[in-house]
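> Got a file for you: run-v4.cif, mmCIF, C-alpha atoms, pLDDT in the B column; chains and numbers go by the auth columns.
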```cif
data_model
loop_
_atom_site.group_PDB
_atom_site.id
_atom_site.type_symbol
_atom_site.label_atom_id
_atom_site.label_comp_id
_atom_site.label_asym_id
_atom_site.label_seq_id
_atom_site.Cartn_x
_atom_site.Cartn_y
_atom_site.Cartn_z
_atom_site.B_iso_or_equiv
_atom_site.auth_seq_id
_atom_site.auth_asym_id
ATOM 1 C CA MET A 1 83.629 161.764 26.163 41.00 217 A
ATOM 2 C CA MET A 2 81.824 162.851 29.269 47.00 218 A
ATOM 3 C CA THR A 3 83.199 166.036 30.818 52.00 219 A
ATOM 4 C CA ASN A 4 82.419 164.588 34.229 53.00 220 A
ATOM 5 C CA LEU A 5 80.695 161.563 35.711 51.00 221 A
ATOM 6 C CA PHE A 6 77.420 163.369 36.459 54.00 222 A
ATOM 7 C CA SER A 7 76.951 164.708 32.916 55.00 223 A
ATOM 8 C CA ILE A 8 74.534 161.834 32.231 53.00 224 A
ATOM 9 C CA PHE A 9 72.140 163.609 34.597 56.00 225 A
ATOM 10 C CA ASP A 10 72.659 167.026 32.999 59.00 226 A
ATOM 11 C CA PRO A 11 69.276 168.327 31.736 58.00 227 A
ATOM 12 C CA SER A 12 70.916 170.992 29.556 59.00 228 A
ATOM 13 C CA THR A 13 71.960 168.548 26.822 56.00 229 A
ATOM 14 C CA ASN A 14 70.348 169.609 23.555 57.00 230 A
ATOM 15 C CA ILE A 15 70.087 168.745 19.872 59.00 231 A
ATOM 16 C CA PHE A 16 70.168 171.713 17.476 58.00 232 A
ATOM 17 C CA ASN A 17 69.623 173.993 20.513 58.00 233 A
ATOM 18 C CA LEU A 18 66.346 172.201 21.335 55.00 234 A
ATOM 19 C CA GLN A 19 65.976 171.160 24.979 59.00 235 A
ATOM 20 C CA LEU A 20 64.735 167.585 24.559 61.00 236 A
ATOM 21 C CA ASN A 21 65.580 166.067 27.939 65.00 237 A
ATOM 22 C CA TRP A 22 62.459 167.167 29.770 66.00 238 A
ATOM 23 C CA ILE A 23 60.208 165.698 27.072 69.00 239 A
ATOM 24 C CA SER A 24 60.752 162.332 28.761 69.00 240 A
ATOM 25 C CA THR A 25 58.671 163.605 31.676 73.00 241 A
ATOM 26 C CA LEU A 26 55.615 163.779 29.427 72.00 242 A
ATOM 27 C CA VAL A 27 56.262 160.538 27.558 69.00 243 A
ATOM 28 C CA GLY A 28 54.977 158.526 30.513 64.00 244 A
ATOM 29 C CA PHE A 29 51.477 159.845 29.962 67.00 245 A
ATOM 30 C CA LEU A 30 51.424 158.208 26.526 69.00 246 A
ATOM 31 C CA PHE A 31 51.335 154.781 28.178 65.00 247 A
ATOM 32 C CA ILE A 32 48.037 155.472 29.950 63.00 248 A
ATOM 33 C CA PRO A 33 45.370 156.648 27.441 55.00 249 A
ATOM 34 C CA TYR A 34 45.489 153.575 25.189 60.00 250 A
ATOM 35 C CA THR A 35 43.823 151.495 27.912 56.00 251 A
ATOM 36 C CA PHE A 36 40.603 153.412 27.289 56.00 252 A
ATOM 37 C CA TRP A 37 40.253 152.460 23.633 59.00 253 A
ATOM 38 C CA VAL A 38 42.224 149.242 23.082 64.00 254 A
ATOM 39 C CA ILE A 39 40.466 145.918 23.651 67.00 255 A
ATOM 40 C CA PRO A 40 41.114 144.821 27.272 69.00 256 A
ATOM 41 C CA ASN A 41 44.299 142.783 27.524 71.00 257 A
ATOM 42 C CA ARG A 42 46.481 141.233 30.191 75.00 258 A
ATOM 43 C CA HIS A 43 48.362 144.483 30.724 74.00 259 A
ATOM 44 C CA LEU A 44 45.126 146.347 31.432 77.00 260 A
ATOM 45 C CA VAL A 45 43.867 143.621 33.780 80.00 261 A
ATOM 46 C CA LEU A 46 47.171 143.605 35.676 82.00 262 A
ATOM 47 C CA TRP A 47 47.222 147.402 35.911 81.00 263 A
ATOM 48 C CA ASN A 48 43.638 147.462 37.231 83.00 264 A
ATOM 49 C CA ILE A 49 44.580 144.941 39.910 87.00 265 A
ATOM 50 C CA VAL A 50 47.537 147.109 40.950 87.00 266 A
ATOM 51 C CA LEU A 51 45.377 150.246 41.089 87.00 267 A
ATOM 52 C CA ASN A 52 42.708 148.498 43.164 89.00 268 A
ATOM 53 C CA LYS A 53 45.324 147.249 45.633 89.00 269 A
ATOM 54 C CA LEU A 54 46.804 150.736 45.915 89.00 270 A
ATOM 55 C CA HIS A 55 43.356 152.273 46.355 88.00 271 A
ATOM 56 C CA ASN A 56 42.513 149.928 49.232 87.00 272 A
ATOM 57 C CA GLU A 57 45.842 150.482 50.957 87.00 273 A
ATOM 58 C CA PHE A 58 45.773 154.269 50.612 87.00 274 A
ATOM 59 C CA LYS A 59 42.178 154.272 51.831 86.00 275 A
ATOM 60 C CA ASN A 60 43.237 152.442 54.997 85.00 276 A
ATOM 61 C CA LEU A 61 46.147 154.832 55.552 83.00 277 A
ATOM 62 C CA LEU A 62 43.971 157.921 55.110 80.00 278 A
ATOM 63 C CA GLY A 63 41.288 156.636 57.451 74.00 279 A
ATOM 64 C CA SER A 64 37.516 156.938 57.401 70.00 280 A
ATOM 65 C CA SER A 65 37.600 160.746 57.698 65.00 281 A
ATOM 66 C CA SER A 66 39.212 161.215 54.284 68.00 282 A
ATOM 67 C CA PHE A 67 37.358 162.635 51.297 70.00 283 A
ATOM 68 C CA ASN A 68 36.014 160.317 48.630 74.00 284 A
ATOM 69 C CA GLY A 69 38.417 160.098 45.715 74.00 285 A
ATOM 70 C CA SER A 70 41.413 161.427 47.652 80.00 286 A
ATOM 71 C CA THR A 71 43.296 158.182 46.983 85.00 287 A
ATOM 72 C CA PHE A 72 43.431 158.997 43.262 85.00 288 A
ATOM 73 C CA ILE A 73 45.916 161.785 44.006 86.00 289 A
ATOM 74 C CA PHE A 74 48.410 159.296 45.397 88.00 290 A
ATOM 75 C CA ILE A 75 47.644 156.646 42.775 88.00 291 A
ATOM 76 C CA SER A 76 48.415 159.258 40.098 86.00 292 A
ATOM 77 C CA LEU A 77 51.603 160.184 41.965 88.00 293 A
ATOM 78 C CA PHE A 78 52.665 156.532 42.060 90.00 294 A
ATOM 79 C CA SER A 79 51.969 156.077 38.343 86.00 295 A
ATOM 80 C CA PHE A 80 53.784 159.258 37.308 86.00 296 A
ATOM 81 C CA ILE A 81 56.938 158.532 39.310 88.00 297 A
ATOM 82 C CA MET A 82 57.023 154.870 38.315 88.00 298 A
ATOM 83 C CA PHE A 83 56.690 155.607 34.581 85.00 299 A
ATOM 84 C CA ASN A 84 59.462 158.207 34.735 85.00 300 A
ATOM 85 C CA ASN A 85 61.720 155.880 36.726 87.00 301 A
ATOM 86 C CA PHE A 86 61.264 153.118 34.153 85.00 302 A
ATOM 87 C CA LEU A 87 61.802 155.453 31.208 82.00 303 A
ATOM 88 C CA GLY A 88 65.187 156.396 32.647 80.00 304 A
ATOM 89 C CA LEU A 89 66.332 152.788 32.210 83.00 305 A
ATOM 90 C CA PHE A 90 66.087 153.089 28.418 80.00 306 A
ATOM 91 C CA PRO A 91 69.138 154.363 26.507 75.00 307 A
ATOM 92 C CA TYR A 92 69.270 158.049 25.557 72.00 308 A
ATOM 93 C CA ILE A 93 66.266 158.936 27.744 75.00 309 A
ATOM 94 C CA PHE A 94 66.889 161.452 30.509 75.00 310 A
ATOM 95 C CA THR A 95 65.746 160.291 33.966 80.00 311 A
ATOM 96 C CA SER A 96 63.721 163.287 35.102 81.00 312 A
ATOM 97 C CA THR A 97 63.164 161.899 38.612 83.00 313 A
ATOM 98 C CA SER A 98 66.938 161.867 39.178 81.00 314 A
ATOM 99 C CA HIS A 99 66.904 165.676 39.010 81.00 315 A
ATOM 100 C CA LEU A 100 65.988 167.686 42.101 82.00 316 A
ATOM 101 C CA THR A 101 63.908 170.064 39.999 82.00 317 A
ATOM 102 C CA ILE A 102 61.253 167.425 39.306 84.00 318 A
ATOM 103 C CA SER A 103 61.355 165.476 42.576 86.00 319 A
ATOM 104 C CA LEU A 104 61.285 168.584 44.768 88.00 320 A
ATOM 105 C CA SER A 105 58.518 170.156 42.678 88.00 321 A
ATOM 106 C CA ILE A 106 56.332 167.093 43.237 87.00 322 A
ATOM 107 C CA THR A 107 56.950 166.704 46.971 89.00 323 A
ATOM 108 C CA LEU A 108 56.956 170.432 47.777 89.00 324 A
ATOM 109 C CA SER A 109 53.669 171.122 46.003 89.00 325 A
ATOM 110 C CA LEU A 110 51.973 168.218 47.810 88.00 326 A
ATOM 111 C CA TRP A 111 53.398 169.244 51.182 88.00 327 A
ATOM 112 C CA LEU A 112 52.347 172.884 50.728 88.00 328 A
ATOM 113 C CA GLY A 113 48.846 171.777 49.788 86.00 329 A
ATOM 114 C CA PHE A 114 48.572 169.608 52.892 85.00 330 A
ATOM 115 C CA MET A 115 49.917 172.316 55.162 85.00 331 A
ATOM 116 C CA LEU A 116 47.667 175.053 53.790 86.00 332 A
ATOM 117 C CA TYR A 117 44.613 172.840 54.067 83.00 333 A
ATOM 118 C CA GLY A 118 45.507 171.719 57.604 81.00 334 A
ATOM 119 C CA TRP A 119 46.301 175.140 59.042 82.00 335 A
ATOM 120 C CA ILE A 120 43.316 176.840 57.409 84.00 336 A
ATOM 121 C CA SER A 121 40.624 174.238 58.078 81.00 337 A
ATOM 122 C CA ASN A 122 41.883 172.567 61.260 77.00 338 A
ATOM 123 C CA SER A 123 44.487 174.760 62.928 77.00 339 A
ATOM 124 C CA GLN A 124 43.829 173.405 66.442 76.00 340 A
ATOM 125 C CA HIS A 125 44.582 169.877 65.270 73.00 341 A
ATOM 126 C CA MET A 126 47.831 171.073 63.667 75.00 342 A
ATOM 127 C CA PHE A 127 48.925 172.775 66.896 74.00 343 A
ATOM 128 C CA ILE A 128 48.252 169.564 68.835 72.00 344 A
ATOM 129 C CA HIS A 129 50.635 167.680 66.521 71.00 345 A
ATOM 130 C CA LEU A 130 53.476 170.006 67.514 75.00 346 A
ATOM 131 C CA ILE A 131 53.423 168.775 71.131 75.00 347 A
ATOM 132 C CA PRO A 132 53.256 164.999 71.737 70.00 348 A
ATOM 133 C CA GLN A 133 50.943 163.851 74.493 70.00 349 A
ATOM 134 C CA GLY A 134 52.554 163.681 77.936 70.00 350 A
ATOM 135 C CA THR A 135 55.387 166.127 77.166 71.00 351 A
ATOM 136 C CA PRO A 136 56.624 167.960 80.304 75.00 352 A
ATOM 137 C CA GLY A 137 56.051 171.706 80.355 72.00 353 A
ATOM 138 C CA VAL A 138 59.790 172.448 80.415 76.00 354 A
ATOM 139 C CA LEU A 139 60.358 170.535 77.178 73.00 355 A
ATOM 140 C CA MET A 140 57.375 171.941 75.282 75.00 356 A
ATOM 141 C CA PRO A 141 59.289 174.794 73.514 78.00 357 A
ATOM 142 C CA PHE A 142 61.987 172.358 72.385 79.00 358 A
ATOM 143 C CA MET A 143 59.424 169.822 71.178 80.00 359 A
ATOM 144 C CA VAL A 144 57.636 172.506 69.158 79.00 360 A
ATOM 145 C CA LEU A 145 60.953 173.481 67.561 83.00 361 A
ATOM 146 C CA ILE A 146 61.913 169.868 66.804 83.00 362 A
ATOM 147 C CA GLU A 147 58.481 168.979 65.398 80.00 363 A
ATOM 148 C CA THR A 148 58.448 172.121 63.254 83.00 364 A
ATOM 149 C CA ILE A 149 61.884 171.379 61.797 85.00 365 A
ATOM 150 C CA SER A 150 60.986 167.732 61.101 83.00 366 A
ATOM 151 C CA ASN A 151 57.789 168.885 59.396 83.00 367 A
ATOM 152 C CA VAL A 152 59.539 171.501 57.256 85.00 368 A
ATOM 153 C CA ILE A 153 62.245 169.147 55.964 87.00 369 A
ATOM 154 C CA ARG A 154 59.756 166.457 54.881 87.00 370 A
ATOM 155 C CA PRO A 155 59.510 167.497 51.207 88.00 371 A
ATOM 156 C CA GLY A 156 63.284 167.782 51.004 89.00 372 A
ATOM 157 C CA THR A 157 63.875 164.311 52.449 89.00 373 A
ATOM 158 C CA LEU A 158 61.317 162.773 50.073 88.00 374 A
ATOM 159 C CA ALA A 159 62.877 164.502 47.065 89.00 375 A
ATOM 160 C CA ILE A 160 66.465 163.622 48.019 88.00 376 A
ATOM 161 C CA ARG A 161 65.491 159.988 48.711 89.00 377 A
ATOM 162 C CA LEU A 162 64.010 159.636 45.242 88.00 378 A
ATOM 163 C CA MET A 163 66.856 161.486 43.522 87.00 379 A
ATOM 164 C CA ALA A 164 69.645 159.640 45.362 87.00 380 A
ATOM 165 C CA ASN A 165 68.228 156.188 44.594 87.00 381 A
ATOM 166 C CA MET A 166 67.851 157.008 40.906 85.00 382 A
ATOM 167 C CA VAL A 167 71.313 158.567 40.624 84.00 383 A
ATOM 168 C CA ALA A 168 73.120 155.763 42.481 84.00 384 A
ATOM 169 C CA GLY A 169 71.916 152.949 40.244 83.00 385 A
ATOM 170 C CA HIS A 170 72.441 154.860 37.010 80.00 386 A
ATOM 171 C CA LEU A 171 75.963 155.859 38.035 81.00 387 A
ATOM 172 C CA LEU A 172 76.865 152.247 38.765 82.00 388 A
ATOM 173 C CA LEU A 173 75.508 151.114 35.406 81.00 389 A
ATOM 174 C CA THR A 174 77.413 153.896 33.637 78.00 390 A
ATOM 175 C CA LEU A 175 80.699 153.140 35.395 79.00 391 A
ATOM 176 C CA LEU A 176 80.498 149.435 34.545 80.00 392 A
ATOM 177 C CA SER A 177 79.516 150.022 30.922 78.00 393 A
ATOM 178 C CA ASN A 178 82.362 152.505 30.337 76.00 394 A
ATOM 179 C CA ASN A 179 84.903 149.890 31.389 75.00 395 A
ATOM 180 C CA GLY A 180 83.512 147.228 29.059 72.00 396 A
ATOM 181 C CA MET A 181 85.380 148.455 25.983 73.00 397 A
ATOM 182 C CA ASN A 182 88.785 147.552 27.433 75.00 398 A
ATOM 183 C CA MET A 183 87.845 144.145 28.816 74.00 399 A
ATOM 184 C CA PRO A 184 88.635 140.743 27.304 78.00 400 A
ATOM 185 C CA ILE A 185 85.792 138.577 26.024 78.00 401 A
ATOM 186 C CA TYR A 186 85.518 136.276 29.045 76.00 402 A
ATOM 187 C CA LEU A 187 85.253 139.274 31.400 79.00 403 A
ATOM 188 C CA LEU A 188 82.838 141.020 29.050 81.00 404 A
ATOM 189 C CA VAL A 189 80.372 138.116 29.331 83.00 405 A
ATOM 190 C CA PHE A 190 80.591 138.366 33.104 83.00 406 A
ATOM 191 C CA LEU A 191 80.037 142.130 32.887 82.00 407 A
ATOM 192 C CA ILE A 192 76.914 141.686 30.754 85.00 408 A
ATOM 193 C CA ILE A 193 75.465 139.288 33.335 87.00 409 A
ATOM 194 C CA ILE A 194 76.153 141.825 36.084 86.00 410 A
ATOM 195 C CA GLN A 195 74.536 144.592 34.009 86.00 411 A
ATOM 196 C CA ILE A 196 71.403 142.473 33.494 88.00 412 A
ATOM 197 C CA LEU A 197 71.184 141.817 37.231 89.00 413 A
ATOM 198 C CA LEU A 198 71.644 145.517 37.961 88.00 414 A
ATOM 199 C CA LEU A 199 68.926 146.419 35.457 87.00 415 A
ATOM 200 C CA THR A 200 66.603 143.980 37.219 89.00 416 A
ATOM 201 C CA LEU A 201 67.492 145.589 40.539 89.00 417 A
ATOM 202 C CA GLU A 202 66.918 149.068 39.099 89.00 418 A
ATOM 203 C CA SER A 203 63.508 147.980 37.822 89.00 419 A
ATOM 204 C CA ALA A 204 62.598 146.870 41.338 90.00 420 A
ATOM 205 C CA ILE A 205 63.931 150.130 42.784 90.00 421 A
ATOM 206 C CA ALA A 206 61.836 152.109 40.274 89.00 422 A
ATOM 207 C CA ILE A 207 58.688 150.474 41.648 90.00 423 A
ATOM 208 C CA ILE A 208 59.756 150.538 45.294 91.00 424 A
ATOM 209 C CA GLN A 209 60.701 154.221 45.276 90.00 425 A
ATOM 210 C CA SER A 210 57.441 155.283 43.640 90.00 426 A
ATOM 211 C CA TYR A 211 55.571 153.218 46.231 91.00 427 A
ATOM 212 C CA VAL A 212 57.572 154.668 49.138 91.00 428 A
ATOM 213 C CA ILE A 213 56.993 158.265 48.004 91.00 429 A
ATOM 214 C CA SER A 214 53.264 157.611 47.585 90.00 430 A
ATOM 215 C CA VAL A 215 52.870 155.908 50.973 90.00 431 A
ATOM 216 C CA LEU A 216 54.830 158.582 52.850 89.00 432 A
ATOM 217 C CA SER A 217 52.818 161.327 51.126 88.00 433 A
ATOM 218 C CA THR A 218 49.638 159.515 52.151 87.00 434 A
ATOM 219 C CA LEU A 219 50.799 159.301 55.767 85.00 435 A
ATOM 220 C CA TYR A 220 51.702 162.997 55.806 84.00 436 A
ATOM 221 C CA SER A 221 48.305 163.928 54.423 83.00 437 A
ATOM 222 C CA SER A 222 46.509 161.783 57.010 79.00 438 A
ATOM 223 C CA GLU A 223 48.028 163.927 59.782 77.00 439 A
ATOM 224 C CA VAL A 224 46.157 167.060 58.682 75.00 440 A
ATOM 225 C CA ASN A 225 42.683 165.472 58.920 68.00 441 A
#
```
Could you write out this file's structure as C-alpha cells?

Amino acid sequence: MMTNLFSIFDPSTNIFNLQLNWISTLVGFLFIPYTFWVIPNRHLVLWNIVLNKLHNEFKNLLGSSSFNGSTFIFISLFSFIMFNNFLGLFPYIFTSTSHLTISLSITLSLWLGFMLYGWISNSQHMFIHLIPQGTPGVLMPFMVLIETISNVIRPGTLAIRLMANMVAGHLLLTLLSNNGMNMPIYLLVFLIIIQILLLTLESAIAIIQSYVISVLSTLYSSEVN
C-alpha cells in the first residue's frame, strides 16, 4: 500500500538500505555507447538523422556568432532528458526528471554558466537587455526590476515545467491502474485501452518536454552573445 499518492515519486525508497532510485539517471547513458561498436543499423541511422536536425536547428537559434560545437551541449541535454523521461515509463524505474533535484540541477547549472559568461565577457550587452529599446525614462527602473526578476526565475520555470509534466502523466497512470483490480472484465478491457493511449501520450510528452527544455536553453544562451 502506498502511504500517499506521491510516494511513487519518492527517491528514498531502498532495497536492503541501498539507494537504488537514482541509478536510473545513469542507465540512460548505457543506450548511447553501443552505437560506436555495433554494426550500423536502422536505430543508429534514425538517431543520426535526429541529431543532425537538432544540430541545424540549434545552430540557427544560436546565430552566426556562436562558438563551433556549442550545439552539442544542447543536443546532449536533449538526449539526457529524453532517455530519463522514457526510462520512467518502465515499471519499477524511478523517473529522475520528475524530481526537482535533477531538473533544477540541470537548468540552474546551465543558467549560471550563461550568466557568468555573459556578465564577465560582455557586460554592456547584458545591461542593454535589462532595458528594452524605446522605454521611457520614468519606466526604466521598473523595467530593470521586471527584466531582472524574469531572468532570475528562468531556471525555476524550466525545472517546474519538466517536473510537472512528468508527475501529471505518471499520477494519472497510477490512479487508473490502482482502480483496475476492482473493475469487472468489460471495464478492465476499456481501462487497458485507455492506459495504452496514455502511455503513447506520455511517450510523446517525453520527447516534447526534452525538446522544449533544449530549445528554451538555446534561446537563453543566445541572449548572452
> Can you tell me which residues surround Val428 in chain A at a distance of at most 10 Å, considering all atoms listed in the file, apart from same-chain residues fewer than 5 positions away, and format the answer as a ChimeraX atom specification?
/A:294,374,377-378,423,433-434
> With range 382-386 of chain A as the partner and 12 Å as the cut-off, tabulate the residues of range 281-304 of chain A that qualify, each row holding the nearest pair of atoms and their distance in Å to one decimal, using all atoms listed in the file, sorted by chain and rising number, as a tab-separated table.

```
residue	atom	partner	partner_atom	distance
A:Ile297	CA	A:Met382	CA	11.1
A:Met298	CA	A:Met382	CA	11.3
A:Asn300	CA	A:Met382	CA	10.5
A:Asn301	CA	A:Met382	CA	7.5
A:Phe302	CA	A:Met382	CA	10.2
A:Leu303	CA	A:Met382	CA	11.5
A:Gly304	CA	A:His386	CA	8.6
```
> Closest to Met331 in chain A among A:Arg370, A:Phe296, A:Tyr402, A:Leu316, using all atoms listed in the file?
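Comparing A:Arg370, A:Phe296, A:Tyr402, A:Leu316 against Met331 in chain A, the winner is A:Arg370.
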> Give me the residues within 9 Å of Phe288 in chain A as a count of residues only, counting only C-alpha atoms and dropping any in the same chain fewer than 4 places off.
3
> Could you name the residues that touch Leu404 in chain A at 12 Å or less, counting only C-alpha atoms, but leaving out those on the same chain fewer than 5 positions away, as an mmCIF file with C-alpha atoms, in the frame of the given file?

```cif
data_model
loop_
_atom_site.group_PDB
_atom_site.id
_atom_site.type_symbol
_atom_site.label_atom_id
_atom_site.label_comp_id
_atom_site.auth_asym_id
_atom_site.auth_seq_id
_atom_site.Cartn_x
_atom_site.Cartn_y
_atom_site.Cartn_z
ATOM 1 C CA LEU A 392 80.498 149.435 34.545
ATOM 2 C CA SER A 393 79.516 150.022 30.922
ATOM 3 C CA ASN A 394 82.362 152.505 30.337
ATOM 4 C CA ASN A 395 84.903 149.890 31.389
ATOM 5 C CA GLY A 396 83.512 147.228 29.059
ATOM 6 C CA MET A 397 85.380 148.455 25.983
ATOM 7 C CA ASN A 398 88.785 147.552 27.433
ATOM 8 C CA MET A 399 87.845 144.145 28.816
ATOM 9 C CA ILE A 409 75.465 139.288 33.335
ATOM 10 C CA ILE A 410 76.153 141.825 36.084
ATOM 11 C CA GLN A 411 74.536 144.592 34.009
#
```
> Restricting the calculation to all atoms listed in the file: of A:Pro400, A:Pro307, A:Gly279, A:Pro371, which residue gets closest to Trp327 in chain A?
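Of A:Pro400, A:Pro307, A:Gly279, A:Pro371, the one nearest Trp327 in chain A, counting all atoms listed in the file, is A:Pro371.
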> With distances taken over all atoms listed in the file, which residue among A:Val405, A:Phe310, A:Ile376, A:Leu389 lies nearest Ile322 in chain A?
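Once distances to Ile322 in chain A are computed over all atoms listed in the file, the minimum belongs to A:Ile376.
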> Do you know which residues the PyMOL selection byres ((chain A and resi 341-352) around 9) returns on this file, as a list in words?
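Taken on the displayed file, the PyMOL selection byres ((chain A and resi 341-352) around 9) yields the residues Met331, Gly334, Trp335, Asn338, Ser339, Gln340, Gly353, Val354, Leu355, Met356, Pro357, Met359, Val360, Leu361, Ile362, Glu363, Thr364, Glu439, Val440 and Asn441 of chain A.
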> Let me make sure I understand: among A:Leu403, A:Leu324, A:Leu305, A:Ile336, which one has the smallest atom-to-atom distance to Asn367 in chain A if we use all atoms listed in the file?
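For Asn367 in chain A, the nearest of the candidates is A:Leu324.
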> What does the distance from CA of Thr311 in chain A to CA of Thr241 in chain A come to in Å, to one decimal?
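If I compute the distance from CA of Thr311 in chain A to CA of Thr241 in chain A, I get 8.1 Å.
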> Report, as JSON, the centre and edge lengths in Å (one decimal) of the axis-aligned box enclosing every listed atom of range 371-386 of chain A, padded by 3 Å on each side.

```
{"center_x": 66.3, "center_y": 160.4, "center_z": 44.7, "size_x": 19.6, "size_y": 20.8, "size_z": 21.4}
```
> CA of Asn284 in chain A and CA of Asn272 in chain A, how far apart in Å?
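CA of Asn284 in chain A lies 12.3 Å from CA of Asn272 in chain A.
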> Distance CA of Thr416 in chain A-CA of Ser321 in chain A, one decimal place?
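For CA of Thr416 in chain A relative to CA of Ser321 in chain A, the distance reads 27.9 Å.
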> Select, from A:Val368, A:Gly329, A:Ala375, A:Ile318, the residue with the minimum atom-to-atom distance to Ser430 in chain A, counting all atoms listed in the file.
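Counting all atoms listed in the file, the residue closest to Ser430 in chain A is A:Ala375.
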> Using only C-alpha atoms, which of A:Ile408, A:Ile424, A:Phe290, A:Thr390 sits nearest Leu278 in chain A?
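Under the stated criterion, the closest residue is A:Phe290.
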